[in-house]
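Structure first, commentary second.
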Amino acid sequence: MSNKTFIFDLDGVIVDTAKYHFLAWQRLASQLGIDFTPEHNEQLKGVSRVRSLDIILALGNIKASAEDKEKWLVQKNSEYLSYIDSINQSEILPGVLTVLNYLKEYNQNIVLGSASKNARPILEKTGIIHYFKAIVDGNDVTNAKPDPEVFLQGAKRMDAIPSNCIVFEDSVAGIQAANIAQMTSIGIGEKEILHEAHFVFPNFTFIDTIFLDNLLKK
């Protein structure tokens, strides 16, 4: 079996911290008189914090100063951090540990590629940080997905060529970033939304060892 680099997004792929982002954004939007729904939240997947705020403000036709925006971004993040402060291994999404253990057993490179600036504490609190040979997060990159920077950095840290990298993503922007980087893209979620991915699974419990074996043999 060949040695590959598997790059995992974090929110909505490894852990369902996406729901806490939604709750924090929804609370801020409510304070601003904006009705922020789960449907609206789809637009924020894989998008930076700053861009997410702009999308929400646009929903309410709100013009804001740089100072106000900064204040709201800090408020949203502190709200989000209060939610994730008590997370543990139970927050890991179904099937993820099985896949991580399989890849570790076959000595594959496991890398995190996430826009989250809170990636390390989340991996520590859920007890899985030891699986990852490299972590590239929001503190390391300047360009948001669909720019492939986060994935290309992950590949570089493993001295891997992009065609030997496999990306797990739950957002359209993330799948596009993986495709632009010329990596194999695996969508976790709905096929209708993630149709640009090379493969799509509803969640990790649908990924079996036969599929993983075939990836390693490519």
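Chains: A, B, ... in order of the structure tokens. Residues: from 1 per chain. Ligands: from 1, in order shown.
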
May I have the residues within 9 Å of segment 187-195 of chain A as a ChimeraX atom specification, using only C-alpha atoms and disregarding those fewer than 5 positions away in the same chain?
/A:12-13,167-172,174-175,200-204

Just-selected residues, C-alpha atoms written as a short mmCIF file (atom, residue, chain, number, x, y, z; two decimals), in the first residue's frame:
```cif
data_model
loop_
_atom_site.label_atom_id
_atom_site.label_comp_id
_atom_site.auth_asym_id
_atom_site.auth_seq_id
_atom_site.Cartn_x
_atom_site.Cartn_y
_atom_site.Cartn_z
CA GLY A 12 -18.78 19.23 10.60
CA VAL A 13 -16.27 16.54 9.59
CA VAL A 167 -9.37 15.61 1.59
CA PHE A 168 -12.46 15.09 3.79
CA GLU A 169 -14.77 18.12 3.68
CA ASP A 170 -18.37 19.03 4.46
CA SER A 171 -18.56 22.38 2.65
CA VAL A 172 -18.87 23.32 -1.01
CA GLY A 174 -13.82 23.08 0.93
CA ILE A 175 -14.55 20.60 -1.86
CA VAL A 200 -19.71 11.68 -1.18
CA PHE A 201 -20.78 9.84 1.98
CA PRO A 202 -23.57 10.86 4.40
CA ASN A 203 -21.10 10.33 7.26
CA PHE A 204 -18.00 8.30 8.13
#
```

Just want the 9 Å neighbourhood of Gln26 of chain A, counted on only C-alpha atoms, with same-chain residues fewer than 4 positions away dropped. Output as a PyMOL selection string.
chain A and resi 21-22+30-31+34-37+41

Judged by only C-alpha atoms, the minimum distance to Gln89 of chain A among A:Ala64, A:Ala134, A:Ile14, A:Ala24 is found for A:Ile14

Hey, which bits of segment 41-112 of chain A sit within 7 Å of segment 135-156 of chain A, and for each residue what's the closest pair of atoms and how far apart in Å (one decimal), counting only C-alpha atoms, rows by chain and increasing number, as JSON lines?
```
{"residue": "A:Gly46", "atom": "CA", "partner": "A:Lys145", "partner_atom": "CA", "distance": 6.3}
{"residue": "A:Val47", "atom": "CA", "partner": "A:Ala144", "partner_atom": "CA", "distance": 6.5}
{"residue": "A:Ser48", "atom": "CA", "partner": "A:Ala144", "partner_atom": "CA", "distance": 6.0}
{"residue": "A:Val111", "atom": "CA", "partner": "A:Ile135", "partner_atom": "CA", "distance": 5.8}
{"residue": "A:Leu112", "atom": "CA", "partner": "A:Ile135", "partner_atom": "CA", "distance": 4.7}
```

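As for atom CA of Tyr20 of chain A and atom CA of Ser82 of chain A, they are spaced 9.4 Å apart.
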
Top pick for closest residue to Lys125 of chain A, considering A:Val15, A:Ala181, A:Leu44, A:Leu53 and counting only C-alpha atoms:
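For Lys125 of chain A, the nearest of the given residues is A:Val15.
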
Could you tell me which of A:Phe132, A:Asn179, A:Ser86, A:Glu42 comes closest to Phe199 of chain A if we count only C-alpha atoms?
A:Asn179

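Taking segment 14-199 of chain A and asking which residues DSSP calls strand (DSSP E) on the backbone, you get Asn109, Ile110, Val111, Leu112, Gly113, Ala134, Ile135, Val136, Cys165, Ile166, Val167, Phe168, Glu169, Thr184, Ser185, Ile186, Gly187, Ile188 and Phe199 of chain A.
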
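With only C-alpha atoms as the atoms that count, the minimum distance from Ile92 of chain A to the choices A:Gly113, A:Gly127, A:Gly60, A:Pro121 is reached by A:Gly127.
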
Please identify all polymer residues within 9 Å of Val99 of chain A, counting only C-alpha atoms, omitting same-chain residues fewer than 4 positions from it, and present them as a PDB file with N, CA, C and O atoms, in the first residue's frame.
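The resulting file, around-v1.pdb, is reproduced below:
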```
ATOM      1  N   GLY A  95     -18.144   7.180  13.312  1.00  0.00           N
ATOM      2  CA  GLY A  95     -17.294   6.581  12.298  1.00  0.00           C
ATOM      3  C   GLY A  95     -15.931   7.219  12.120  1.00  0.00           C
ATOM      4  O   GLY A  95     -15.037   6.629  11.498  1.00  0.00           O
ATOM      5  N   LEU A 103      -6.287   4.435   9.333  1.00  0.00           N
ATOM      6  CA  LEU A 103      -5.197   5.166   8.665  1.00  0.00           C
ATOM      7  C   LEU A 103      -3.922   5.123   9.500  1.00  0.00           C
ATOM      8  O   LEU A 103      -2.815   4.992   8.968  1.00  0.00           O
ATOM      9  N   LYS A 104      -4.094   5.200  10.813  1.00  0.00           N
ATOM     10  CA  LYS A 104      -2.928   5.155  11.707  1.00  0.00           C
ATOM     11  C   LYS A 104      -2.276   3.769  11.661  1.00  0.00           C
ATOM     12  O   LYS A 104      -1.047   3.647  11.627  1.00  0.00           O
ATOM     13  N   PHE A 204     -19.139   9.227   8.164  1.00  0.00           N
ATOM     14  CA  PHE A 204     -18.004   8.298   8.129  1.00  0.00           C
ATOM     15  C   PHE A 204     -18.396   6.834   8.335  1.00  0.00           C
ATOM     16  O   PHE A 204     -17.623   5.943   7.999  1.00  0.00           O
ATOM     17  N   THR A 205     -19.575   6.586   8.883  1.00  0.00           N
ATOM     18  CA  THR A 205     -19.977   5.190   9.085  1.00  0.00           C
ATOM     19  C   THR A 205     -20.221   4.491   7.743  1.00  0.00           C
ATOM     20  O   THR A 205     -20.256   3.263   7.678  1.00  0.00           O
ATOM     21  N   ILE A 207     -18.167   4.824   5.206  1.00  0.00           N
ATOM     22  CA  ILE A 207     -16.856   4.589   4.586  1.00  0.00           C
ATOM     23  C   ILE A 207     -16.289   3.273   5.119  1.00  0.00           C
ATOM     24  O   ILE A 207     -15.979   3.174   6.311  1.00  0.00           O
ATOM     25  N   ASP A 208     -16.189   2.273   4.244  1.00  0.00           N
ATOM     26  CA  ASP A 208     -15.707   0.969   4.716  1.00  0.00           C
ATOM     27  C   ASP A 208     -14.233   0.755   4.362  1.00  0.00           C
ATOM     28  O   ASP A 208     -13.625   1.547   3.637  1.00  0.00           O
ATOM     29  N   THR A 209     -13.689  -0.330   4.875  1.00  0.00           N
ATOM     30  CA  THR A 209     -12.258  -0.603   4.663  1.00  0.00           C
ATOM     31  C   THR A 209     -11.953  -0.916   3.198  1.00  0.00           C
ATOM     32  O   THR A 209     -10.851  -0.655   2.738  1.00  0.00           O
ATOM     33  N   LEU A 212     -11.360   2.433   1.620  1.00  0.00           N
ATOM     34  CA  LEU A 212     -10.078   2.977   2.069  1.00  0.00           C
ATOM     35  C   LEU A 212      -8.912   2.209   1.450  1.00  0.00           C
ATOM     36  O   LEU A 212      -7.912   2.813   1.037  1.00  0.00           O
TER      37      LEU A 212
END
```

Those of segment 108-162 of chain A in DSSP alpha helix (DSSP H), formatted as a list in words
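Of segment 108-162 of chain A, only Ala119, Arg120, Pro121, Ile122, Leu123, Glu124, Lys125, Glu149, Val150, Phe151, Leu152, Gln153, Gly154, Ala155, Lys156 and Arg157 of chain A fall in alpha helix (DSSP H).
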
Pick from A:Glu67, A:Glu196, A:Asp159, A:Glu39: nearest to Ala178 of chain A, with only C-alpha atoms counted?
A:Glu196

As a list in words, please: the residues near Val74 of chain A (cut-off 12 Å, only C-alpha atoms, same-chain neighbours under 6 positions excluded).
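Skipping anything fewer than 6 positions along the chain leaves Ala24, Trp25, Leu28, Arg49, Val50, Leu53, Glu67, Asp68, Tyr80 and Leu81 of chain A.
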
Looking at only C-alpha atoms, which of A:Tyr106, A:Tyr83, A:Ala160, A:His130 is the one that sits closest to Thr17 of chain A?
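Smallest distance to Thr17 of chain A is found for A:Tyr83.
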